[in-house]
$ cat target.cif   # mmCIF, C-alpha atoms
data_target
loop_
_atom_site.group_PDB
_atom_site.id
_atom_site.type_symbol
_atom_site.label_atom_id
_atom_site.label_comp_id
_atom_site.auth_asym_id
_atom_site.auth_seq_id
_atom_site.Cartn_x
_atom_site.Cartn_y
_atom_site.Cartn_z
ATOM 1 C CA MET V 483 8.230 14.783 -0.910
ATOM 2 C CA GLU V 484 11.779 15.918 -1.581
ATOM 3 C CA ILE V 485 14.214 13.056 -0.971
ATOM 4 C CA SER V 486 17.952 13.588 -0.736
ATOM 5 C CA ASP V 487 20.695 10.991 -1.068
ATOM 6 C CA SER V 488 21.237 11.386 2.668
ATOM 7 C CA ASP V 489 17.547 10.539 3.273
ATOM 8 C CA LYS V 490 17.954 7.372 1.224
ATOM 9 C CA LEU V 491 21.031 6.346 3.196
ATOM 10 C CA ASN V 492 19.294 6.982 6.515
ATOM 11 C CA SER V 493 16.186 4.985 5.657
ATOM 12 C CA LYS V 494 15.845 1.293 6.347
ATOM 13 C CA VAL V 495 14.006 -1.754 5.133
ATOM 14 C CA LEU V 496 11.222 -2.855 7.457
ATOM 15 C CA PRO V 497 9.920 -6.436 7.795
ATOM 16 C CA ILE V 498 6.697 -7.034 5.863
ATOM 17 C CA LEU V 499 3.829 -8.958 7.433
ATOM 18 C CA VAL V 500 2.657 -11.936 5.371
ATOM 19 C CA HIS V 501 -0.940 -13.097 4.989
ATOM 20 C CA PRO V 502 -2.650 -14.458 7.099
ATOM 21 C CA HIS V 503 -0.964 -12.393 9.844
ATOM 22 C CA PRO V 504 -3.867 -11.019 11.951
ATOM 23 C CA ASN V 505 -2.437 -7.484 12.095
ATOM 24 C CA LEU V 506 -3.016 -7.157 8.350
ATOM 25 C CA ARG V 507 -6.738 -7.086 9.233
ATOM 26 C CA MET V 508 -6.432 -4.127 11.598
ATOM 27 C CA VAL V 509 -7.883 -0.776 10.572
ATOM 28 C CA ALA V 510 -5.174 1.883 10.701
ATOM 29 C CA LEU V 511 -5.521 4.959 12.893
ATOM 30 C CA PRO V 512 -5.418 8.488 11.470
ATOM 31 C CA VAL V 513 -2.075 10.260 11.621
ATOM 32 C CA GLU V 514 -2.381 13.138 14.071
ATOM 33 C CA GLU V 515 1.206 14.399 14.292
ATOM 34 C CA PHE V 516 3.136 15.569 11.258
ATOM 35 C CA ASN V 517 6.716 15.444 12.453
ATOM 36 C CA SER V 518 10.156 14.013 11.709
ATOM 37 C CA ASP V 519 9.036 10.538 12.847
ATOM 38 C CA LEU V 520 6.308 10.541 10.184
ATOM 39 C CA ARG V 521 8.787 11.676 7.535
ATOM 40 C CA GLN V 522 11.176 8.890 8.591
ATOM 41 C CA LEU V 523 8.353 6.338 8.405
ATOM 42 C CA ALA V 524 7.553 7.490 4.865
ATOM 43 C CA LEU V 525 11.225 7.111 3.873
ATOM 44 C CA ASN V 526 11.375 3.642 5.441
ATOM 45 C CA LEU V 527 8.189 2.615 3.639
ATOM 46 C CA LEU V 528 9.639 3.785 0.333
ATOM 47 C CA HIS V 529 12.956 2.018 0.960
ATOM 48 C CA THR V 530 11.114 -1.194 1.872
ATOM 49 C CA MET V 531 8.858 -0.971 -1.181
ATOM 50 C CA TYR V 532 11.789 -0.435 -3.547
ATOM 51 C CA GLU V 533 13.934 -3.142 -1.946
ATOM 52 C CA GLU V 534 11.085 -5.671 -2.214
ATOM 53 C CA GLY V 535 10.229 -4.716 -5.805
ATOM 54 C CA GLY V 536 6.759 -3.315 -5.118
ATOM 55 C CA ILE V 537 4.922 -0.301 -6.510
ATOM 56 C CA GLY V 538 2.942 0.427 -3.351
ATOM 57 C CA LEU V 539 3.109 -0.186 0.382
ATOM 58 C CA ALA V 540 0.863 0.680 3.309
ATOM 59 C CA ALA V 541 2.133 1.190 6.849
ATOM 60 C CA THR V 542 -0.075 -1.642 8.094
ATOM 61 C CA GLN V 543 1.991 -4.055 6.000
ATOM 62 C CA VAL V 544 5.013 -3.283 8.181
ATOM 63 C CA ASN V 545 2.931 -3.494 11.361
ATOM 64 C CA VAL V 546 2.547 0.256 11.837
ATOM 65 C CA GLN V 547 -1.138 0.951 12.347
ATOM 66 C CA LEU V 548 -1.207 4.466 10.878
ATOM 67 C CA ARG V 549 -2.979 5.750 7.766
ATOM 68 C CA ILE V 550 0.019 6.329 5.503
ATOM 69 C CA LEU V 551 0.854 4.724 2.179
ATOM 70 C CA VAL V 552 3.451 5.156 -0.525
ATOM 71 C CA ILE V 553 3.401 4.396 -4.230
ATOM 72 C CA ASP V 554 5.797 4.724 -7.145
ATOM 73 C CA LEU V 555 4.827 3.175 -10.465
ATOM 74 C CA ASN V 556 8.220 4.106 -11.946
ATOM 75 C CA GLY V 557 10.341 2.347 -9.355
ATOM 76 C CA SER V 558 13.495 3.071 -7.408
ATOM 77 C CA TRP V 559 13.091 6.606 -6.033
ATOM 78 C CA LYS V 560 12.028 8.044 -9.414
ATOM 79 C CA ALA V 561 8.536 9.351 -8.617
ATOM 80 C CA PRO V 562 7.619 8.549 -5.002
ATOM 81 C CA GLN V 563 4.203 9.607 -3.760
ATOM 82 C CA VAL V 564 3.197 9.678 -0.090
ATOM 83 C CA PHE V 565 -0.429 9.788 1.048
ATOM 84 C CA VAL V 566 -1.194 10.475 4.712
ATOM 85 C CA ASN V 567 -4.788 9.952 5.872
ATOM 86 C CA PRO V 568 -6.012 9.267 2.306
ATOM 87 C CA VAL V 569 -9.738 9.331 1.594
ATOM 88 C CA LEU V 570 -11.346 8.197 -1.669
ATOM 89 C CA LYS V 571 -13.681 11.032 -2.658
ATOM 90 C CA TYR V 572 -14.809 9.755 -6.038
ATOM 91 C CA THR V 573 -14.627 6.578 -8.099
ATOM 92 C CA ASP V 574 -15.862 5.884 -11.606
ATOM 93 C CA GLY V 575 -15.596 3.312 -14.358
ATOM 94 C CA SER V 576 -14.343 -0.219 -14.149
ATOM 95 C CA GLN V 577 -11.188 -2.079 -15.022
ATOM 96 C CA THR V 578 -9.735 -5.487 -14.352
ATOM 97 C CA LEU V 579 -5.994 -5.628 -13.745
ATOM 98 C CA GLU V 580 -3.663 -8.277 -12.409
ATOM 99 C CA GLU V 581 -2.586 -7.468 -8.862
ATOM 100 C CA GLY V 582 0.040 -8.801 -6.536
ATOM 101 C CA CYS V 583 0.983 -7.847 -3.004
ATOM 102 C CA LEU V 584 4.140 -7.847 -0.920
ATOM 103 C CA SER V 585 2.072 -9.329 1.924
ATOM 104 C CA VAL V 586 0.849 -12.147 -0.341
ATOM 105 C CA PRO V 587 4.169 -13.100 -1.968
ATOM 106 C CA ASP V 588 4.333 -14.807 -5.340
ATOM 107 C CA TYR V 589 0.592 -14.742 -5.968
ATOM 108 C CA TYR V 590 -1.107 -12.678 -8.661
ATOM 109 C CA ASP V 591 -4.690 -12.547 -9.829
ATOM 110 C CA GLU V 592 -7.107 -10.271 -11.636
ATOM 111 C CA VAL V 593 -9.122 -7.820 -9.556
ATOM 112 C CA GLU V 594 -11.922 -5.573 -10.763
ATOM 113 C CA ARG V 595 -11.814 -2.019 -9.412
ATOM 114 C CA PRO V 596 -12.915 1.463 -10.486
ATOM 115 C CA SER V 597 -10.713 2.826 -13.275
ATOM 116 C CA HIS V 598 -10.781 6.457 -12.118
ATOM 117 C CA VAL V 599 -10.406 7.782 -8.570
ATOM 118 C CA LYS V 600 -10.093 11.079 -6.795
ATOM 119 C CA VAL V 601 -8.393 10.986 -3.407
ATOM 120 C CA THR V 602 -7.657 13.642 -0.829
ATOM 121 C CA ALA V 603 -4.710 13.214 1.503
ATOM 122 C CA TYR V 604 -1.915 15.058 3.270
ATOM 123 C CA ASP V 605 1.796 15.101 2.606
ATOM 124 C CA VAL V 606 4.276 14.397 5.419
ATOM 125 C CA TYR V 607 4.282 18.095 6.331
ATOM 126 C CA GLY V 608 0.509 18.247 6.867
ATOM 127 C CA ASN V 609 -0.363 19.973 3.584
ATOM 128 C CA GLU V 610 -3.635 18.723 2.120
ATOM 129 C CA PHE V 611 -3.762 17.786 -1.565
ATOM 130 C CA GLU V 612 -6.074 16.141 -4.047
ATOM 131 C CA LYS V 613 -5.034 13.567 -6.621
ATOM 132 C CA GLU V 614 -6.926 12.120 -9.574
ATOM 133 C CA ALA V 615 -5.662 8.850 -10.967
ATOM 134 C CA THR V 616 -6.610 6.369 -13.659
ATOM 135 C CA GLY V 617 -5.487 2.929 -14.751
ATOM 136 C CA LEU V 618 -2.748 1.207 -12.791
ATOM 137 C CA GLU V 619 -2.199 4.211 -10.527
ATOM 138 C CA ALA V 620 -5.909 4.202 -9.547
ATOM 139 C CA SER V 621 -5.763 0.478 -8.771
ATOM 140 C CA CYS V 622 -2.568 0.889 -6.757
ATOM 141 C CA ILE V 623 -4.034 3.681 -4.621
ATOM 142 C CA GLN V 624 -7.199 1.642 -3.978
ATOM 143 C CA HIS V 625 -5.148 -1.480 -3.166
ATOM 144 C CA GLU V 626 -3.102 0.396 -0.558
ATOM 145 C CA ILE V 627 -6.129 2.173 0.957
ATOM 146 C CA ASP V 628 -7.696 -1.278 1.294
ATOM 147 C CA HIS V 629 -4.688 -2.283 3.425
ATOM 148 C CA LEU V 630 -5.311 0.698 5.707
ATOM 149 C CA ASN V 631 -8.867 -0.610 6.113
ATOM 150 C CA GLY V 632 -7.757 -4.166 6.938
ATOM 151 C CA LYS V 633 -8.577 -5.587 3.515
ATOM 152 C CA LEU V 634 -6.349 -7.571 1.123
ATOM 153 C CA PHE V 635 -6.657 -7.964 -2.631
ATOM 154 C CA VAL V 636 -7.328 -11.683 -2.166
ATOM 155 C CA ASP V 637 -10.604 -10.720 -0.448
ATOM 156 C CA TYR V 638 -11.914 -9.856 -3.925
ATOM 157 C CA LEU V 639 -11.265 -13.409 -5.162
ATOM 158 C CA SER V 640 -13.553 -16.408 -5.077
ATOM 159 C CA ARG V 641 -13.626 -18.514 -1.911
ATOM 160 C CA LEU V 642 -11.811 -21.333 -3.722
ATOM 161 C CA LYS V 643 -8.980 -19.022 -4.823
ATOM 162 C CA GLN V 644 -8.679 -17.648 -1.274
ATOM 163 C CA ILE V 645 -8.244 -21.182 0.053
ATOM 164 C CA ARG V 646 -5.577 -21.889 -2.589
ATOM 165 C CA VAL V 647 -3.679 -18.736 -1.629
ATOM 166 C CA ARG V 648 -3.631 -19.714 2.056
ATOM 167 C CA GLN V 649 -2.489 -23.247 1.167
ATOM 168 C CA LYS V 650 0.270 -21.922 -1.085
ATOM 169 C CA LEU V 651 1.533 -19.520 1.593
ATOM 170 C CA ARG V 652 1.348 -22.199 4.302
ATOM 171 C CA LYS V 653 3.359 -24.562 2.078
ATOM 172 C CA ALA V 654 5.950 -21.832 1.368
ATOM 173 C CA ARG V 655 6.459 -21.277 5.115
ATOM 174 C CA SER V 656 6.995 -25.017 5.738
#
$ encode --input "target.cif" --output "structure tokens"
Amino acid sequence: MEISDSDKLNSKVLPILVHPHPNLRMVALPVEEFNSDLRQLALNLLHTMYEEGGIGLAATQVNVQLRILVIDLNGSWKAPQVFVNPVLKYTDGSQTLEEGCLSVPDYYDEVERPSHVKVTAYDVYGNEFEKEATGLEASCIQHEIDHLNGKLFVDYLSRLKQIRVRQKLRKARS
């Protein structure tokens, strides 16, 4: 996605839902219209992700129930990637990496996921593409697709750790 300085200026930071907000558990709907509103949503997702210091963000995290996610492992508008209606076509291998989430602030833990993925998706103009990823990029894509399916990274943790996360977030809100 080509992003101009004007695009950056016209994008905005959106409020991020925090676990255990029930809308984080909703399954996102497929994008059916590829138009300027979708492009603006992608820009707003990127702006929000960069402003909050993340490397990935799904639309469901900003309470938009559409299948769109953004990632950028390099940070701050350097290499943004937008995936509309992403589908994991292939996974292989295994890796355990520490993950965090903008919807689960200030909590990090190790999650085991496939180390290699192949995903098909569309860009904001409706052009289909395929992407293979490994390592951190593979984990990031899977993490964000999980969001689109109503799943959080803490769901991979033990029951005890899930309880601790909820207690920590409840205490932070108090």
$ resolve_selection --input "target.cif" --expression "the PyMOL selection byres ((chain V and resi 622-636) around 6)" --output "list of chain:residue names"
V:Leu506, V:Arg507, V:Met508, V:Val509, V:Ala510, V:Ala540, V:Arg549, V:Glu619, V:Ala620, V:Ser621, V:Asp637, V:Tyr638, V:Leu639
$ closest_residue --input "target.cif" --among "V:Leu528, V:Val569, V:Val593, V:Leu520" --to "Leu555 of chain V" --atoms "all atoms listed in the file"
V:Leu528
$ atom_distance --input "target.cif" --atom1 "atom CA of Val552 of chain V" --atom2 "atom CA of Leu525 of chain V"
9.1 Å
$ resolve_selection --input "target.cif" --expression "the PyMOL selection byres ((chain V and resi 595-606) around 10)" --output "PDB file with C-alpha atoms, in the coordinates of the input"
ATOM      1  CA  MET V 483       8.230  14.783  -0.910  1.00  0.00           C
ATOM      2  CA  VAL V 513      -2.075  10.260  11.621  1.00  0.00           C
ATOM      3  CA  GLU V 515       1.206  14.399  14.292  1.00  0.00           C
ATOM      4  CA  PHE V 516       3.136  15.569  11.258  1.00  0.00           C
ATOM      5  CA  ASN V 517       6.716  15.444  12.453  1.00  0.00           C
ATOM      6  CA  SER V 518      10.156  14.013  11.709  1.00  0.00           C
ATOM      7  CA  ASP V 519       9.036  10.538  12.847  1.00  0.00           C
ATOM      8  CA  LEU V 520       6.308  10.541  10.184  1.00  0.00           C
ATOM      9  CA  ARG V 521       8.787  11.676   7.535  1.00  0.00           C
ATOM     10  CA  GLN V 522      11.176   8.890   8.591  1.00  0.00           C
ATOM     11  CA  LEU V 523       8.353   6.338   8.405  1.00  0.00           C
ATOM     12  CA  ALA V 524       7.553   7.490   4.865  1.00  0.00           C
ATOM     13  CA  ARG V 549      -2.979   5.750   7.766  1.00  0.00           C
ATOM     14  CA  ILE V 550       0.019   6.329   5.503  1.00  0.00           C
ATOM     15  CA  GLN V 563       4.203   9.607  -3.760  1.00  0.00           C
ATOM     16  CA  VAL V 564       3.197   9.678  -0.090  1.00  0.00           C
ATOM     17  CA  PHE V 565      -0.429   9.788   1.048  1.00  0.00           C
ATOM     18  CA  VAL V 566      -1.194  10.475   4.712  1.00  0.00           C
ATOM     19  CA  ASN V 567      -4.788   9.952   5.872  1.00  0.00           C
ATOM     20  CA  PRO V 568      -6.012   9.267   2.306  1.00  0.00           C
ATOM     21  CA  VAL V 569      -9.738   9.331   1.594  1.00  0.00           C
ATOM     22  CA  LEU V 570     -11.346   8.197  -1.669  1.00  0.00           C
ATOM     23  CA  LYS V 571     -13.681  11.032  -2.658  1.00  0.00           C
ATOM     24  CA  TYR V 572     -14.809   9.755  -6.038  1.00  0.00           C
ATOM     25  CA  THR V 573     -14.627   6.578  -8.099  1.00  0.00           C
ATOM     26  CA  ASP V 574     -15.862   5.884 -11.606  1.00  0.00           C
ATOM     27  CA  GLY V 575     -15.596   3.312 -14.358  1.00  0.00           C
ATOM     28  CA  SER V 576     -14.343  -0.219 -14.149  1.00  0.00           C
ATOM     29  CA  GLN V 577     -11.188  -2.079 -15.022  1.00  0.00           C
ATOM     30  CA  THR V 578      -9.735  -5.487 -14.352  1.00  0.00           C
ATOM     31  CA  LEU V 579      -5.994  -5.628 -13.745  1.00  0.00           C
ATOM     32  CA  GLU V 592      -7.107 -10.271 -11.636  1.00  0.00           C
ATOM     33  CA  VAL V 593      -9.122  -7.820  -9.556  1.00  0.00           C
ATOM     34  CA  GLU V 594     -11.922  -5.573 -10.763  1.00  0.00           C
ATOM     35  CA  TYR V 607       4.282  18.095   6.331  1.00  0.00           C
ATOM     36  CA  GLY V 608       0.509  18.247   6.867  1.00  0.00           C
ATOM     37  CA  ASN V 609      -0.363  19.973   3.584  1.00  0.00           C
ATOM     38  CA  GLU V 610      -3.635  18.723   2.120  1.00  0.00           C
ATOM     39  CA  PHE V 611      -3.762  17.786  -1.565  1.00  0.00           C
ATOM     40  CA  GLU V 612      -6.074  16.141  -4.047  1.00  0.00           C
ATOM     41  CA  LYS V 613      -5.034  13.567  -6.621  1.00  0.00           C
ATOM     42  CA  GLU V 614      -6.926  12.120  -9.574  1.00  0.00           C
ATOM     43  CA  ALA V 615      -5.662   8.850 -10.967  1.00  0.00           C
ATOM     44  CA  THR V 616      -6.610   6.369 -13.659  1.00  0.00           C
ATOM     45  CA  GLY V 617      -5.487   2.929 -14.751  1.00  0.00           C
ATOM     46  CA  LEU V 618      -2.748   1.207 -12.791  1.00  0.00           C
ATOM     47  CA  GLU V 619      -2.199   4.211 -10.527  1.00  0.00           C
ATOM     48  CA  ALA V 620      -5.909   4.202  -9.547  1.00  0.00           C
ATOM     49  CA  SER V 621      -5.763   0.478  -8.771  1.00  0.00           C
ATOM     50  CA  ILE V 623      -4.034   3.681  -4.621  1.00  0.00           C
ATOM     51  CA  GLN V 624      -7.199   1.642  -3.978  1.00  0.00           C
ATOM     52  CA  HIS V 625      -5.148  -1.480  -3.166  1.00  0.00           C
ATOM     53  CA  TYR V 638     -11.914  -9.856  -3.925  1.00  0.00           C
TER      54      TYR V 638
END
$ resolve_selection --input "target.cif" --expression "the PyMOL selection byres ((chain V and resi 499) around 7)" --output "JSON, numbers by chain"
{"V": [497, 498, 500, 501, 503, 543, 544, 545, 585]}
$ closest_residue --input "target.cif" --among "V:Leu651, V:Gly557, V:Gly538, V:His529" --to "Pro587 of chain V" --atoms "all atoms listed in the file"
V:Leu651
$ atom_distance --input "target.cif" --atom1 "atom CA of Glu534 of chain V" --atom2 "atom CA of Val495 of chain V"
8.8 Å
$ build_atoms --input "target.cif" --residues "segment 563-582 of chain V" --atoms "N, CA, C and O atoms" --output "short mmCIF file (atom, residue, chain, number, x, y, z; two decimals), keeping the file's coordinate frame"
data_model
loop_
_atom_site.label_atom_id
_atom_site.label_comp_id
_atom_site.auth_asym_id
_atom_site.auth_seq_id
_atom_site.Cartn_x
_atom_site.Cartn_y
_atom_site.Cartn_z
N GLN V 563 5.36 8.86 -4.23
CA GLN V 563 4.20 9.61 -3.76
C GLN V 563 3.85 9.09 -2.37
O GLN V 563 3.85 7.89 -2.14
N VAL V 564 3.56 10.02 -1.46
CA VAL V 564 3.20 9.68 -0.09
C VAL V 564 1.81 10.24 0.18
O VAL V 564 1.55 11.42 -0.09
N PHE V 565 0.94 9.40 0.72
CA PHE V 565 -0.43 9.79 1.05
C PHE V 565 -0.64 9.54 2.54
O PHE V 565 -0.57 8.40 2.99
N VAL V 566 -0.91 10.59 3.28
CA VAL V 566 -1.19 10.48 4.71
C VAL V 566 -2.69 10.74 4.90
O VAL V 566 -3.22 11.72 4.37
N ASN V 567 -3.34 9.86 5.64
CA ASN V 567 -4.79 9.95 5.87
C ASN V 567 -5.58 10.06 4.56
O ASN V 567 -6.44 10.93 4.41
N PRO V 568 -5.31 9.17 3.59
CA PRO V 568 -6.01 9.27 2.31
C PRO V 568 -7.49 8.89 2.43
O PRO V 568 -7.86 8.02 3.20
N VAL V 569 -8.30 9.60 1.65
CA VAL V 569 -9.74 9.33 1.59
C VAL V 569 -10.16 9.33 0.13
O VAL V 569 -9.91 10.31 -0.59
N LEU V 570 -10.79 8.24 -0.31
CA LEU V 570 -11.35 8.20 -1.67
C LEU V 570 -12.58 9.09 -1.69
O LEU V 570 -13.52 8.87 -0.93
N LYS V 571 -12.57 10.09 -2.55
CA LYS V 571 -13.68 11.03 -2.66
C LYS V 571 -14.60 10.70 -3.82
O LYS V 571 -15.76 11.07 -3.83
N TYR V 572 -14.04 10.00 -4.83
CA TYR V 572 -14.81 9.76 -6.04
C TYR V 572 -14.22 8.55 -6.75
O TYR V 572 -13.00 8.40 -6.80
N THR V 573 -15.07 7.68 -7.25
CA THR V 573 -14.63 6.58 -8.10
C THR V 573 -15.58 6.48 -9.28
O THR V 573 -16.76 6.83 -9.18
N ASP V 574 -15.05 6.01 -10.41
CA ASP V 574 -15.86 5.88 -11.61
C ASP V 574 -15.25 4.83 -12.52
O ASP V 574 -14.05 4.56 -12.46
N GLY V 575 -16.07 4.27 -13.37
CA GLY V 575 -15.60 3.31 -14.36
C GLY V 575 -15.27 1.97 -13.75
O GLY V 575 -15.53 1.71 -12.57
N SER V 576 -14.70 1.12 -14.58
CA SER V 576 -14.34 -0.22 -14.15
C SER V 576 -13.18 -0.72 -14.98
O SER V 576 -13.09 -0.44 -16.18
N GLN V 577 -12.31 -1.45 -14.33
CA GLN V 577 -11.19 -2.08 -15.02
C GLN V 577 -10.79 -3.33 -14.26
O GLN V 577 -11.01 -3.43 -13.06
N THR V 578 -10.23 -4.27 -14.97
CA THR V 578 -9.74 -5.49 -14.35
C THR V 578 -8.25 -5.58 -14.66
O THR V 578 -7.86 -5.63 -15.83
N LEU V 579 -7.45 -5.55 -13.61
CA LEU V 579 -5.99 -5.63 -13.74
C LEU V 579 -5.46 -6.73 -12.85
O LEU V 579 -6.03 -7.04 -11.81
N GLU V 580 -4.32 -7.29 -13.25
CA GLU V 580 -3.66 -8.28 -12.41
C GLU V 580 -2.98 -7.55 -11.26
O GLU V 580 -2.29 -6.57 -11.46
N GLU V 581 -3.20 -8.06 -10.04
CA GLU V 581 -2.59 -7.47 -8.86
C GLU V 581 -1.75 -8.51 -8.14
O GLU V 581 -2.03 -9.70 -8.21
N GLY V 582 -0.76 -8.01 -7.45
CA GLY V 582 0.04 -8.80 -6.54
C GLY V 582 0.19 -7.99 -5.27
O GLY V 582 -0.28 -6.85 -5.20
#
